[in-house]
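The next block holds one structure in the form of structure tokens; read it before the comments.
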Amino acid sequence: MAEIAVGIDLGTSNTCVALMREGQVEVLPNAFGERTSASVVHFHEDGSVEVGNSAKAKVIHAPAQTVSSAKRLIGRYFFSEEVKKAQAIYAYEICEAPNHGVRIEVNGEEFSLPEISAMVLREMKQIAERHTGEKVTKAVITVPAYFNDNQRQATKDAGRIAGLEVLRILNEPTAAALAYGFGMGLNQRVAVYDLGGGTFDISVLEIGKDIFEVLATCGDTFLGGDDFDDRIIDLLADEFVGQYKINPRNDPFAFEKLKLAAENAKKQLSVDEEVRVTIDCVLNGPDGAPLGLERTITRAEFAVLVQDLIQRTFKVCDEALQQSDLTVRDLDGVIMVGGPTRLPVLREAVKHYFQQEPRVDVDPDEVVAMGAAIHAASLVGEAQDSMLLDVTPLDLRIGVAGGLAEPVIERNTPVPIEQTRTFTTFRDHQESVEIRVYQGDHRHAEKNTLLGQFEFSGYQKGLRSDVKIDVTFEIDADGIVNVTATDQATGQQASTQITLSSGLGEEEIQQMIQQDVAGRVATAGVQTPAPGDGPAALPAPPPPAPPKSVFAPAAERESLFGTGDQDLAGAAGDELELDAEGDTDLDLLDDEELIQLTEESTSGPLDIGAADDDGFFDTSGDDLSGPEIELTDEEIV
Amino acid sequence: MAQAAIDPHEIHALARIMDELDYYQLLNLKPGASTAEIRRAFHSSSRSFHPDANRTLEEPLREQCERISKRITEAYCVLRDPRRRKAYDARLESGSSLRIQLAEARQSHEEQRKAERRGATAQGRQFHGKAEAALKRGDLAAAIQNMQMAMTFEANNAGFKAMLAELRERQKAGR
């Protein structure tokens with residue numbers, strides 16, 4: 001028996017774990033028999049932690065001790081839009097850590113996002129161990145294809161803190177395609193439409209027998225099923241305001257009730273034409289009397305509420321098709337992934353856009369975990385080979401003089417890949433250079449996401465044209481970025497696994513592993529669900545289904561497939577605005593002009609040697625504050 | 001994949017001579033290979049060298065495989081893109097290097113286009129320059145005259161043609 005390696009779909013709303021054994025993929029249900037568990041962590045007063053649907057039910061009574069949707073925050077900076085939005089809607093305390101990091105404070109203790117996610121992952125590990133009766137230490141964990149390096153790295157850290165060796169960070173749509181096409185000898189082009197709780201991805205793949213090549217992937221990390229819920233919450237809240245002139249949004253308990261009701265209403269609309277929302281007590285009125293709410297929502301009304309959200313996904317689809325040089329007519333199949341794709345309104349829209357019936361054979365909540373399990377088994381030699389050739393979702397850029405960011409590796413370039421570019425110093429006899437690495441599609445550095453920066457000083461100093469520094473950018477098969485600077489003259493090197501300043505350092509991770517932070521998760525199966533404690537607030541879970549295989553019976557198999565962000569905007573306010581000089585047509589600048597531009601701007605004093613260690617974004621003085629390097633005319637290969 | 005997908009000696013050998021191979025040689029292709037052939041070659045090479053296929057290899061074999069895998073991706077990215085491939089072929093012909101960086105290949109194509117627009121002959125460039133200057137002054141008629149002159153030296157310059165056509169459009173619209 002080879003090693004056990006599981007596949008985990010760590011979702012914004014729900015998490016699912018699957019295992020492939022002897023050619024069969026099974027989703028492993030939790031102690032309650034549920035095949036997915038809510039990605040919610042509840043902290044008890046004694047410091048112990050509960051994960052899953054029972055934890056989610058606690059949000060109504062203890063919203064500040066119940067952390068949900070951690071995936072929306074993982075790998076983000078404190079000043080990012082997403083964090084602001086989360087602060088507005090979640091009752092738990094979100095605070096700032098050094099270097100613009102994010103921490104969650106519960107009962108006076110602070111936790112990083114990787115630690116929160118690690119608790120969810122530990123729960124999955126325990127579920128798998130209960131099923132196999134063996135230690136489970138290896139996993140493939142999936143992430144949205146559009147996740148940047150910061151988010152991927154943080155997710156990988158979460159796996160390690162949970163006590164797992166992360167064999168591969170796999171893109172969710174790619175995993176879904178694998179679950180559909182594995183071992184079937186397909187020769188097709190497919191699109192994977194993946195709308196999760198908090199993110200949207202579209203990937204276009206070419207499947208040739210057992211090779212799954214991603215042609216393009218595009219996405220929106222600010223768009224998901226939660227946004228659909230929000231529309232219903234707004235509807236209900238407005239209704240409440242209309243009736244009682246009291247805004248329930250200001251009361252965290254009332255808000256949680258509306259949220260749960262909205263979520264359930266959305267799910268019910270997948271089954272019924274209309275749903276009646278009844279809440280006995282949203283909150284108590286000024287006289288202490290309970291104020292309730294009743295509202296009927298029809299499918300048609302819901303369709304109007306979310307129309308613009310659905311259209312936004314198709315804009316992203318247009319982009320992906322264009323990037324892969326295909327049209328909808330070239331596609332042999334469309335795979336639907338993610339809970340929200342159950343919504344009839346969405347299915348209709350997708351069918352209309354792609355001009356074909358989307359595939360929904362495999363449960364959209366489980367297909368990603370199943371694909372991850374297949375790949376995990378393949379990596380440890382438990383399954384036949386399948387080759388996944390994936391791409392990087394975002395342009396990788398280096399900051400150059402003038403506040404600009406030059407692309408080095410374009411989005412949708414296959415990985416793993418390595419590229420080297422040669423730079424020179426900004427001034428003669430410059431003491432050190434600051435290398436800043438970004439991801440995003442903007443020419444202006446501050447409009448991209450900063451992945452990290454490091455100072456390089458180990459080169460032979462000299463005239464600016466004489467110094468030649470090779471900067472090597474590497475993206476591995478997990479989509480994780482590594483950057484090395486080398487002096488051509490001395491061979492001196494400085495390198496960094498690009499970790500965002502808000503991310504965790506290796507020492508911190510080691511400490512968390514040692515302290516077994518994830519060990520606070522109560523051993524699954526020990527606690528028995530108390531009445532009203534379990535998933536009662538949710539629709540009843542389906543009875544534990546027998547393990548399901550992705551492999552349809554032979555007869556059916558034939559028929560498968562139918563015969564940036566604004567993250568840095570706030571912090572980088574001091575950066576030079578080239579536009580202010582009326583130079584609006586920056587795209588037309590060629591290198592010659594760029595160098596000229598940078599020369600003109602040297603008039604200000606540049607304190608280059610003194611790189612500021614305090615913070616990422618602190619600009620040193622009144623200079624351009626862009627990294628003090630520029631492209632050489634002649635690039636050395 | 002418990003065993004290596006490929007003979008360790010072959011990995012060693014390829015890692016050693018990789019820098020002396022051009023992209024076609026690396027992917028085992030003929031210089032005129034079609035896009036479909038390039039894709040097939042990429043798939044079959046990845047099957048041998050992709051990190052997923054060599055997870056259990058010992059160092060330094062694993063590291064060598066990863067290095068080869070990255071170079072294979074680079075070769076594929078250049079050869080599958082007609083514009084990049086053109087820039088690369090030109091470079092191979094000049095004998096200056098066996099590699100080209102992706103951003104550079106894109107850029108070199110852009111530069112070529114820009115140079116084309118400026119003109120291939122001294123006279124062509126001269127009149128094109130005068131036309132640009134006239135345009136900056138807002139003298140559309142002079143710009144058109146100069147472009148007509150430029151065209152007498154480079155009748156087939158697509159950039160010149162396009163510019164002249166556009167200027168005439170503007171003149172028409174202005175009336």
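Following the order of the structure tokens, first chain is A, next is B, and so on, with residues numbered from 1 inside each chain and ligands from 1 in the order they appear.
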Could I get the residues of chain A with an atom no further than 6 Å from an atom of chain B, each paired with its nearest atom pair and that distance in Å to one decimal, using only C-alpha atoms, sorted by chain and residue number, as JSON lines?
{"residue": "A:Leu379", "atom": "CA", "partner": "B:Met1", "partner_atom": "CA", "distance": 5.7}
{"residue": "A:Gly381", "atom": "CA", "partner": "B:Met1", "partner_atom": "CA", "distance": 4.1}
{"residue": "A:Val408", "atom": "CA", "partner": "B:Ala103", "partner_atom": "CA", "distance": 5.8}
{"residue": "A:Pro416", "atom": "CA", "partner": "B:Lys70", "partner_atom": "CA", "distance": 5.3}
{"residue": "A:Ile417", "atom": "CA", "partner": "B:Lys70", "partner_atom": "CA", "distance": 4.3}
{"residue": "A:Glu418", "atom": "CA", "partner": "B:Lys70", "partner_atom": "CA", "distance": 5.9}
All alpha helix (DSSP H) residues (DSSP, backbone) inside chain B, as a ChimeraX atom specification: /B:8-17,23-26,35-49,61-79,82-94,102-118,122-137,140-153,158-174
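Compared by their closest atoms to Leu178 in chain A, and using only C-alpha atoms, the residues A:Lys468, A:His375, A:Arg72, A:Lys259 rank with A:His375 nearest.
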Neighbour list for Asn146 in chain B as number ranges by chain, cut-off 9 Å, only C-alpha atoms, skip fewer than 6 positions in-chain: B: 127-132, 134
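Residues within 12 Å of His352 in chain A, counting only C-alpha atoms and excluding same-chain residues fewer than 6 positions away, are Ile310, Gln311, Phe314, Val328, Val334, Val345, Leu346 and Pro358 of chain A.
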Pick from A:Ser324, A:Ser465, A:Thr449, A:Gln419, whichever lies nearest to Asp81 in chain B using only C-alpha atoms: A:Ser324
